[in-house]
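Shown next: data_29.json, given as JSON, C-alpha atoms.
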[["chain", "number", "residue", "atom", "x", "y", "z"],
["X", 1, "MET", "CA", -1.63, 16.18, -12.14],
["X", 2, "ALA", "CA", -4.78, 18.05, -11.12],
["X", 3, "GLU", "CA", -7.02, 16.57, -8.48],
["X", 4, "ARG", "CA", -10.37, 15.44, -9.84],
["X", 5, "PRO", "CA", -12.59, 14.88, -6.82],
["X", 6, "ILE", "CA", -15.01, 11.98, -6.82],
["X", 7, "PRO", "CA", -18.58, 13.18, -6.43],
["X", 8, "ALA", "CA", -19.89, 11.82, -3.12],
["X", 9, "GLU", "CA", -23.22, 10.99, -4.76],
["X", 10, "GLU", "CA", -21.50, 8.82, -7.38],
["X", 11, "LEU", "CA", -19.40, 7.03, -4.76],
["X", 12, "PHE", "CA", -22.40, 6.39, -2.54],
["X", 13, "ALA", "CA", -24.45, 5.06, -5.48],
["X", 14, "LEU", "CA", -21.62, 2.62, -6.29],
["X", 15, "VAL", "CA", -21.34, 1.42, -2.69],
["X", 16, "ASP", "CA", -25.12, 1.12, -2.44],
["X", 17, "ALA", "CA", -25.38, -0.87, -5.68],
["X", 18, "ASN", "CA", -22.68, -3.27, -4.42],
["X", 19, "ARG", "CA", -23.69, -3.32, -0.77],
["X", 20, "ALA", "CA", -24.50, -7.04, -0.50],
["X", 21, "TYR", "CA", -21.27, -8.07, -2.23],
["X", 22, "LEU", "CA", -19.01, -5.62, -0.35],
["X", 23, "ARG", "CA", -20.56, -6.50, 3.01],
["X", 24, "ARG", "CA", -19.05, -9.98, 2.73],
["X", 25, "TRP", "CA", -15.57, -8.45, 3.03],
["X", 26, "LEU", "CA", -15.65, -4.89, 4.37],
["X", 27, "PRO", "CA", -16.58, -3.94, 7.93],
["X", 28, "TRP", "CA", -17.66, -0.36, 7.20],
["X", 29, "ILE", "CA", -20.55, -1.02, 4.77],
["X", 30, "ASP", "CA", -23.32, -0.90, 7.39],
["X", 31, "ASP", "CA", -22.00, 2.48, 8.59],
["X", 32, "CYS", "CA", -22.27, 3.94, 5.08],
["X", 33, "LYS", "CA", -25.97, 4.74, 4.89],
["X", 34, "ARG", "CA", -26.08, 8.24, 3.42],
["X", 35, "VAL", "CA", -24.26, 10.39, 0.90],
["X", 36, "ASP", "CA", -22.92, 12.39, 3.85],
["X", 37, "HIS", "CA", -20.91, 9.34, 4.94],
["X", 38, "GLU", "CA", -19.12, 9.39, 1.59],
["X", 39, "ARG", "CA", -18.52, 13.14, 1.89],
["X", 40, "GLU", "CA", -16.81, 12.42, 5.22],
["X", 41, "PHE", "CA", -14.72, 9.65, 3.61],
["X", 42, "ILE", "CA", -13.69, 12.01, 0.80],
["X", 43, "GLN", "CA", -12.71, 14.69, 3.35],
["X", 44, "ARG", "CA", -10.61, 12.17, 5.33],
["X", 45, "ALA", "CA", -9.00, 11.04, 2.06],
["X", 46, "ARG", "CA", -8.05, 14.63, 1.24],
["X", 47, "GLU", "CA", -6.52, 15.01, 4.70],
["X", 48, "ARG", "CA", -4.52, 11.79, 4.23],
["X", 49, "THR", "CA", -3.35, 13.02, 0.82],
["X", 50, "SER", "CA", -2.19, 16.35, 2.24],
["X", 51, "ALA", "CA", -0.27, 14.38, 4.89],
["X", 52, "GLY", "CA", 1.52, 12.35, 2.20],
["X", 53, "GLY", "CA", -1.00, 9.54, 1.82],
["X", 54, "PHE", "CA", -2.91, 8.50, -1.23],
["X", 55, "ASP", "CA", -6.55, 7.70, -2.02],
["X", 56, "ALA", "CA", -8.08, 7.47, -5.46],
["X", 57, "GLY", "CA", -11.25, 6.51, -7.21],
["X", 58, "ILE", "CA", -10.93, 3.88, -9.92],
["X", 59, "ARG", "CA", -12.57, 4.59, -13.24],
["X", 60, "HIS", "CA", -12.95, 1.93, -15.91],
["X", 61, "GLY", "CA", -14.77, 2.63, -19.13],
["X", 62, "GLY", "CA", -15.44, 6.15, -17.86],
["X", 63, "ARG", "CA", -17.38, 4.91, -14.82],
["X", 64, "LEU", "CA", -16.39, 4.92, -11.17],
["X", 65, "VAL", "CA", -15.89, 1.25, -10.22],
["X", 66, "GLY", "CA", -13.98, 1.29, -6.90],
["X", 67, "THR", "CA", -11.31, 2.89, -4.76],
["X", 68, "VAL", "CA", -7.67, 2.22, -3.90],
["X", 69, "GLY", "CA", -5.17, 3.93, -1.65],
["X", 70, "TYR", "CA", -2.99, 3.86, 1.40],
["X", 71, "ASN", "CA", -5.14, 3.18, 4.48],
["X", 72, "SER", "CA", -2.18, 4.23, 6.55],
["X", 73, "ILE", "CA", 1.36, 5.47, 6.14],
["X", 74, "ASP", "CA", 3.99, 5.37, 8.85],
["X", 75, "PRO", "CA", 6.59, 7.92, 7.69],
["X", 76, "LEU", "CA", 9.02, 7.19, 10.52],
["X", 77, "ASN", "CA", 9.29, 3.52, 9.55],
["X", 78, "ARG", "CA", 8.61, 4.20, 5.85],
["X", 79, "ARG", "CA", 5.77, 1.72, 5.50],
["X", 80, "GLY", "CA", 2.26, 1.85, 4.17],
["X", 81, "GLU", "CA", -0.81, -0.33, 4.01],
["X", 82, "ILE", "CA", -2.96, -0.47, 0.89],
["X", 83, "GLY", "CA", -6.72, -0.92, 0.91],
["X", 84, "TYR", "CA", -9.02, -1.38, -2.06],
["X", 85, "TRP", "CA", -12.41, -2.49, -3.24],
["X", 86, "LEU", "CA", -14.01, -2.95, -6.64],
["X", 87, "ALA", "CA", -17.57, -3.28, -7.89],
["X", 88, "GLU", "CA", -18.55, -6.90, -8.32],
["X", 89, "SER", "CA", -19.23, -6.44, -12.05],
["X", 90, "GLU", "CA", -15.63, -5.28, -12.63],
["X", 91, "GLN", "CA", -13.94, -8.26, -10.97],
["X", 92, "GLY", "CA", -11.70, -10.53, -12.99],
["X", 93, "LYS", "CA", -10.61, -7.95, -15.58],
["X", 94, "GLY", "CA", -7.21, -7.08, -14.09],
["X", 95, "VAL", "CA", -8.37, -3.59, -13.12],
["X", 96, "MET", "CA", -7.41, -3.85, -9.45],
["X", 97, "THR", "CA", -4.07, -5.51, -10.14],
["X", 98, "ARG", "CA", -3.09, -2.64, -12.46],
["X", 99, "CYS", "CA", -4.32, -0.02, -9.99],
["X", 100, "CYS", "CA", -2.57, -1.58, -7.01],
["X", 101, "GLY", "CA", 0.61, -1.96, -9.04],
["X", 102, "ALA", "CA", 0.53, 1.77, -9.74],
["X", 103, "VAL", "CA", -0.15, 2.56, -6.07],
["X", 104, "VAL", "CA", 2.70, 0.32, -4.92],
["X", 105, "HIS", "CA", 5.04, 1.92, -7.46],
["X", 106, "HIS", "CA", 3.97, 5.38, -6.26],
["X", 107, "GLY", "CA", 4.69, 4.34, -2.67],
["X", 108, "PHE", "CA", 8.22, 3.21, -3.43],
["X", 109, "ALA", "CA", 9.14, 5.76, -6.11],
["X", 110, "THR", "CA", 7.43, 8.91, -4.80],
["X", 111, "LEU", "CA", 6.58, 8.39, -1.13],
["X", 112, "ASN", "CA", 9.97, 6.76, -0.44],
["X", 113, "LEU", "CA", 8.40, 3.82, 1.39],
["X", 114, "ASN", "CA", 10.48, 0.77, 2.18],
["X", 115, "ARG", "CA", 7.57, -1.58, 2.88],
["X", 116, "VAL", "CA", 4.01, -1.96, 1.63],
["X", 117, "ALA", "CA", 1.46, -4.32, 3.19],
["X", 118, "ILE", "CA", -1.89, -5.62, 2.02],
["X", 119, "PHE", "CA", -4.34, -7.49, 4.26],
["X", 120, "CYS", "CA", -7.21, -9.55, 2.86],
["X", 121, "ALA", "CA", -9.77, -11.89, 4.39],
["X", 122, "THR", "CA", -8.41, -15.40, 3.95],
["X", 123, "ASP", "CA", -11.63, -16.48, 2.19],
["X", 124, "ASN", "CA", -11.55, -13.56, -0.29],
["X", 125, "ALA", "CA", -9.77, -15.30, -3.17],
["X", 126, "ARG", "CA", -10.19, -12.40, -5.62],
["X", 127, "SER", "CA", -8.70, -9.87, -3.23],
["X", 128, "ARG", "CA", -5.84, -12.21, -2.30],
["X", 129, "ALA", "CA", -5.04, -12.74, -5.98],
["X", 130, "VAL", "CA", -4.03, -9.06, -6.31],
["X", 131, "PRO", "CA", -0.94, -9.09, -4.03],
["X", 132, "GLU", "CA", -0.08, -12.58, -5.26],
["X", 133, "ARG", "CA", -0.05, -11.43, -8.91],
["X", 134, "LEU", "CA", 2.06, -8.42, -7.90],
["X", 135, "GLY", "CA", 4.70, -10.67, -6.34],
["X", 136, "PHE", "CA", 3.99, -9.89, -2.68],
["X", 137, "THR", "CA", 5.03, -12.44, -0.07],
["X", 138, "LEU", "CA", 2.38, -14.06, 2.11],
["X", 139, "GLU", "CA", 3.88, -13.30, 5.52],
["X", 140, "GLY", "CA", 1.26, -14.94, 7.66],
["X", 141, "VAL", "CA", -2.34, -15.33, 8.65],
["X", 142, "TYR", "CA", -3.62, -13.08, 11.42],
["X", 143, "ARG", "CA", -6.22, -15.16, 13.21],
["X", 144, "GLU", "CA", -9.52, -13.47, 14.04],
["X", 145, "ALA", "CA", -8.00, -10.10, 13.18],
["X", 146, "GLU", "CA", -11.06, -8.28, 11.86],
["X", 147, "TRP", "CA", -14.61, -8.01, 13.20],
["X", 148, "LEU", "CA", -17.04, -8.46, 10.32],
["X", 149, "TYR", "CA", -20.54, -7.65, 11.69],
["X", 150, "ASP", "CA", -21.20, -10.88, 13.58],
["X", 151, "ARG", "CA", -17.91, -12.76, 13.60],
["X", 152, "PHE", "CA", -14.15, -12.44, 13.49],
["X", 153, "VAL", "CA", -12.38, -13.29, 10.23],
["X", 154, "ASP", "CA", -8.78, -14.25, 9.62],
["X", 155, "LEU", "CA", -6.64, -11.93, 7.50],
["X", 156, "ALA", "CA", -3.85, -12.95, 5.13],
["X", 157, "GLY", "CA", -0.98, -10.49, 5.48],
["X", 158, "TYR", "CA", 1.13, -9.79, 2.39],
["X", 159, "GLY", "CA", 4.26, -7.68, 2.24],
["X", 160, "MET", "CA", 6.62, -6.20, -0.32],
["X", 161, "VAL", "CA", 9.82, -4.27, 0.33],
["X", 162, "ALA", "CA", 11.42, -1.72, -1.96],
["X", 163, "ARG", "CA", 14.41, -3.84, -2.99],
["X", 164, "GLU", "CA", 12.11, -6.72, -4.02],
["X", 165, "TRP", "CA", 9.87, -4.36, -5.99],
["X", 166, "ALA", "CA", 12.90, -2.89, -7.77],
["X", 167, "ARG", "CA", 13.88, -6.38, -8.94],
["X", 168, "LEU", "CA", 10.40, -6.87, -10.44],
["X", 169, "GLN", "CA", 10.61, -3.70, -12.53],
["X", 170, "PRO", "CA", 11.72, -3.97, -16.18],
["X", 171, "SER", "CA", 13.87, -0.84, -15.83],
["X", 172, "PRO", "CA", 14.09, 2.24, -13.59],
["X", 173, "LEU", "CA", 12.48, 4.32, -16.33],
["X", 174, "THR", "CA", 9.55, 1.99, -16.95],
["X", 175, "PRO", "CA", 6.97, 1.83, -14.16],
["X", 176, "TRP", "CA", 5.33, -1.46, -13.33],
["X", 177, "ARG", "CA", 2.84, -2.95, -15.74],
["X", 178, "ARG", "CA", 1.71, -6.48, -16.06]]

Output the file's structure as structure tokens, nothing else.
Amino acid sequence: MAERPIPAEELFALVDANRAYLRRWLPWIDDCKRVDHEREFIQRARERTSAGGFDAGIRHGGRLVGTVGYNSIDPLNRRGEIGYWLAESEQGKGVMTRCCGAVVHHGFATLNLNRVAIFCATDNARSRAVPERLGFTLEGVYREAEWLYDRFVDLAGYGMVAREWARLQPSPLTPWRR
């Protein structure tokens, strides 16, 4: 599959249009003030991809609506952590659940991971619904684990291991879809 880079201008415009909504949950919004910040993010994403990671833009109806990928991969311990965000107008359509399902499948089937984690603010019900719909296990709440501008927030930690994911799949030849 050929790489189709996300234009930094398009990504910045999406972040900017959703700034107030995203700021409720993501600690990096105030540091993203110019298109150059998105160019730097895209460059870091390319570096992660060349090191075995994964970052992707999400398009729905032909428009860029968010991003999803592995924030980190630990190849020695074969584990990865997924991060994602979606434009407020695209919430509730199952877009992120389908995208995260594909990213999880890629992690187990292609990257040979044994464990995938997702962390969400405990108050972010929409974000928490994604790992819950995918069958992840809530492994605990990490108290005051993330600084969000003026306060610490608790994070819900979800995990999935390869053998559990394999049991959720309809067959080895059919990737996840729900």

Which residues are close to Leu148 (chain X), i.e. within 12 Å by only C-alpha atoms, leaving aside same-chain residues fewer than 3 positions away? Reply as a compact mmCIF listing (two decimals) with C-alpha atoms, in the coordinates of the input.
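Heads up, here's the output in result08.txt:
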# COMPACT_ATOMS: atom_id res chain seq x y z
CA LEU X 22 -19.01 -5.62 -0.35
CA ARG X 23 -20.56 -6.50 3.01
CA ARG X 24 -19.05 -9.98 2.73
CA TRP X 25 -15.57 -8.45 3.03
CA LEU X 26 -15.65 -4.89 4.37
CA PRO X 27 -16.58 -3.94 7.93
CA TRP X 28 -17.66 -0.36 7.20
CA ILE X 29 -20.55 -1.02 4.77
CA ASP X 30 -23.32 -0.90 7.39
CA ALA X 121 -9.77 -11.89 4.39
CA GLU X 144 -9.52 -13.47 14.04
CA ALA X 145 -8.00 -10.10 13.18
CA ARG X 151 -17.91 -12.76 13.60
CA PHE X 152 -14.15 -12.44 13.49
CA VAL X 153 -12.38 -13.29 10.23
CA ASP X 154 -8.78 -14.25 9.62
CA LEU X 155 -6.64 -11.93 7.50

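Taking CA of Cys32 (chain X) as the reference point, CA of Phe12 (chain X) is found at 8.0 Å.
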
Can you work out which one of X:Phe54, X:Ala87, X:Arg48, X:Phe119 has the shortest atom-to-atom distance to Asp16 (chain X), counting only C-alpha atoms?
X:Ala87

Could the centre and edge lengths of an axis-aligned box, enclosing all atoms of region 130-135 of chain X in the file with 8 Å extra on each side, be given in Å to one decimal as lines of an AutoDock Vina configuration file?
center_x = 0.3
center_y = -10.5
center_z = -6.5
size_x = 24.7
size_y = 20.2
size_z = 20.9

Write out as a PyMOL selection string the residues lying within 10 Å of region 130-136 of chain X, counting all atoms listed in the file and excluding same-chain residues fewer than 4 positions away.
chain X and resi 94-101+104+116-120+125-126+157-161+164-165+168+176-178

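Atom pair CA of Asp55 (chain X) / CA of Arg39 (chain X): separated by 13.7 Å.
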
Measuring atom to atom with only C-alpha atoms, identify which of X:His37, X:Arg19, X:His106, X:Lys93 is nearest to Gly53 (chain X).
X:His106

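Counting from CA of Trp147 (chain X), the distance to CA of Thr49 (chain X) is 26.9 Å.
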
For the point (-14.0, -4.6, -6.2) in file coordinates, what residues are within 8 Å, counting all atoms listed in the file? Give the answer as a PyMOL selection string?
chain X and resi 22+65-66+84-88+90-91+96

What would region 127-151 of chain X look like with N, CA and C atoms in place, written as a PDB file, in the frame of the given file?
ATOM      1  N   SER X 127      -9.531 -10.909  -3.834  1.00  0.00           N
ATOM      2  CA  SER X 127      -8.700  -9.870  -3.230  1.00  0.00           C
ATOM      3  C   SER X 127      -7.284 -10.386  -2.981  1.00  0.00           C
ATOM      4  N   ARG X 128      -7.160 -11.629  -2.551  1.00  0.00           N
ATOM      5  CA  ARG X 128      -5.840 -12.210  -2.300  1.00  0.00           C
ATOM      6  C   ARG X 128      -5.045 -12.368  -3.593  1.00  0.00           C
ATOM      7  N   ALA X 129      -5.734 -12.559  -4.700  1.00  0.00           N
ATOM      8  CA  ALA X 129      -5.040 -12.740  -5.980  1.00  0.00           C
ATOM      9  C   ALA X 129      -4.252 -11.491  -6.375  1.00  0.00           C
ATOM     10  N   VAL X 130      -4.694 -10.315  -5.931  1.00  0.00           N
ATOM     11  CA  VAL X 130      -4.030  -9.060  -6.310  1.00  0.00           C
ATOM     12  C   VAL X 130      -2.583  -9.026  -5.790  1.00  0.00           C
ATOM     13  N   PRO X 131      -2.334  -9.120  -4.481  1.00  0.00           N
ATOM     14  CA  PRO X 131      -0.940  -9.090  -4.030  1.00  0.00           C
ATOM     15  C   PRO X 131      -0.138 -10.287  -4.559  1.00  0.00           C
ATOM     16  N   GLU X 132      -0.798 -11.415  -4.734  1.00  0.00           N
ATOM     17  CA  GLU X 132      -0.080 -12.580  -5.260  1.00  0.00           C
ATOM     18  C   GLU X 132       0.391 -12.338  -6.686  1.00  0.00           C
ATOM     19  N   ARG X 133      -0.456 -11.741  -7.532  1.00  0.00           N
ATOM     20  CA  ARG X 133      -0.050 -11.430  -8.910  1.00  0.00           C
ATOM     21  C   ARG X 133       1.050 -10.371  -8.945  1.00  0.00           C
ATOM     22  N   LEU X 134       1.045  -9.478  -7.948  1.00  0.00           N
ATOM     23  CA  LEU X 134       2.060  -8.420  -7.900  1.00  0.00           C
ATOM     24  C   LEU X 134       3.390  -8.884  -7.322  1.00  0.00           C
ATOM     25  N   GLY X 135       3.451 -10.142  -6.870  1.00  0.00           N
ATOM     26  CA  GLY X 135       4.700 -10.670  -6.340  1.00  0.00           C
ATOM     27  C   GLY X 135       4.920 -10.455  -4.860  1.00  0.00           C
ATOM     28  N   PHE X 136       3.882 -10.056  -4.127  1.00  0.00           N
ATOM     29  CA  PHE X 136       3.990  -9.890  -2.680  1.00  0.00           C
ATOM     30  C   PHE X 136       4.226 -11.254  -2.027  1.00  0.00           C
ATOM     31  N   THR X 137       4.799 -11.236  -0.855  1.00  0.00           N
ATOM     32  CA  THR X 137       5.030 -12.440  -0.070  1.00  0.00           C
ATOM     33  C   THR X 137       3.921 -12.590   0.966  1.00  0.00           C
ATOM     34  N   LEU X 138       3.327 -13.780   1.033  1.00  0.00           N
ATOM     35  CA  LEU X 138       2.380 -14.060   2.110  1.00  0.00           C
ATOM     36  C   LEU X 138       3.213 -14.227   3.376  1.00  0.00           C
ATOM     37  N   GLU X 139       3.051 -13.302   4.314  1.00  0.00           N
ATOM     38  CA  GLU X 139       3.880 -13.300   5.520  1.00  0.00           C
ATOM     39  C   GLU X 139       3.215 -13.991   6.693  1.00  0.00           C
ATOM     40  N   GLY X 140       1.938 -14.237   6.584  1.00  0.00           N
ATOM     41  CA  GLY X 140       1.260 -14.940   7.660  1.00  0.00           C
ATOM     42  C   GLY X 140      -0.230 -14.725   7.640  1.00  0.00           C
ATOM     43  N   VAL X 141      -0.904 -15.471   8.478  1.00  0.00           N
ATOM     44  CA  VAL X 141      -2.340 -15.330   8.650  1.00  0.00           C
ATOM     45  C   VAL X 141      -2.570 -14.801  10.063  1.00  0.00           C
ATOM     46  N   TYR X 142      -3.291 -13.709  10.139  1.00  0.00           N
ATOM     47  CA  TYR X 142      -3.620 -13.080  11.420  1.00  0.00           C
ATOM     48  C   TYR X 142      -4.993 -13.603  11.825  1.00  0.00           C
ATOM     49  N   ARG X 143      -4.992 -14.492  12.805  1.00  0.00           N
ATOM     50  CA  ARG X 143      -6.220 -15.160  13.210  1.00  0.00           C
ATOM     51  C   ARG X 143      -7.177 -14.197  13.892  1.00  0.00           C
ATOM     52  N   GLU X 144      -8.438 -14.270  13.464  1.00  0.00           N
ATOM     53  CA  GLU X 144      -9.520 -13.470  14.040  1.00  0.00           C
ATOM     54  C   GLU X 144      -9.107 -12.002  14.200  1.00  0.00           C
ATOM     55  N   ALA X 145      -8.572 -11.444  13.134  1.00  0.00           N
ATOM     56  CA  ALA X 145      -8.000 -10.100  13.180  1.00  0.00           C
ATOM     57  C   ALA X 145      -8.975  -8.984  12.828  1.00  0.00           C
ATOM     58  N   GLU X 146     -10.121  -9.323  12.261  1.00  0.00           N
ATOM     59  CA  GLU X 146     -11.060  -8.280  11.860  1.00  0.00           C
ATOM     60  C   GLU X 146     -12.480  -8.707  12.220  1.00  0.00           C
ATOM     61  N   TRP X 147     -13.212  -7.777  12.856  1.00  0.00           N
ATOM     62  CA  TRP X 147     -14.610  -8.010  13.200  1.00  0.00           C
ATOM     63  C   TRP X 147     -15.451  -7.666  11.995  1.00  0.00           C
ATOM     64  N   LEU X 148     -16.216  -8.650  11.503  1.00  0.00           N
ATOM     65  CA  LEU X 148     -17.040  -8.460  10.320  1.00  0.00           C
ATOM     66  C   LEU X 148     -18.501  -8.718  10.705  1.00  0.00           C
ATOM     67  N   TYR X 149     -19.119  -7.699  11.335  1.00  0.00           N
ATOM     68  CA  TYR X 149     -20.540  -7.650  11.690  1.00  0.00           C
ATOM     69  C   TYR X 149     -20.959  -8.612  12.796  1.00  0.00           C
ATOM     70  N   ASP X 150     -20.722  -9.907  12.600  1.00  0.00           N
ATOM     71  CA  ASP X 150     -21.200 -10.880  13.580  1.00  0.00           C
ATOM     72  C   ASP X 150     -20.163 -11.946  13.915  1.00  0.00           C
ATOM     73  N   ARG X 151     -18.947 -11.756  13.397  1.00  0.00           N
ATOM     74  CA  ARG X 151     -17.910 -12.760  13.600  1.00  0.00           C
ATOM     75  C   ARG X 151     -16.549 -12.153  13.321  1.00  0.00           C
TER      76      ARG X 151
END
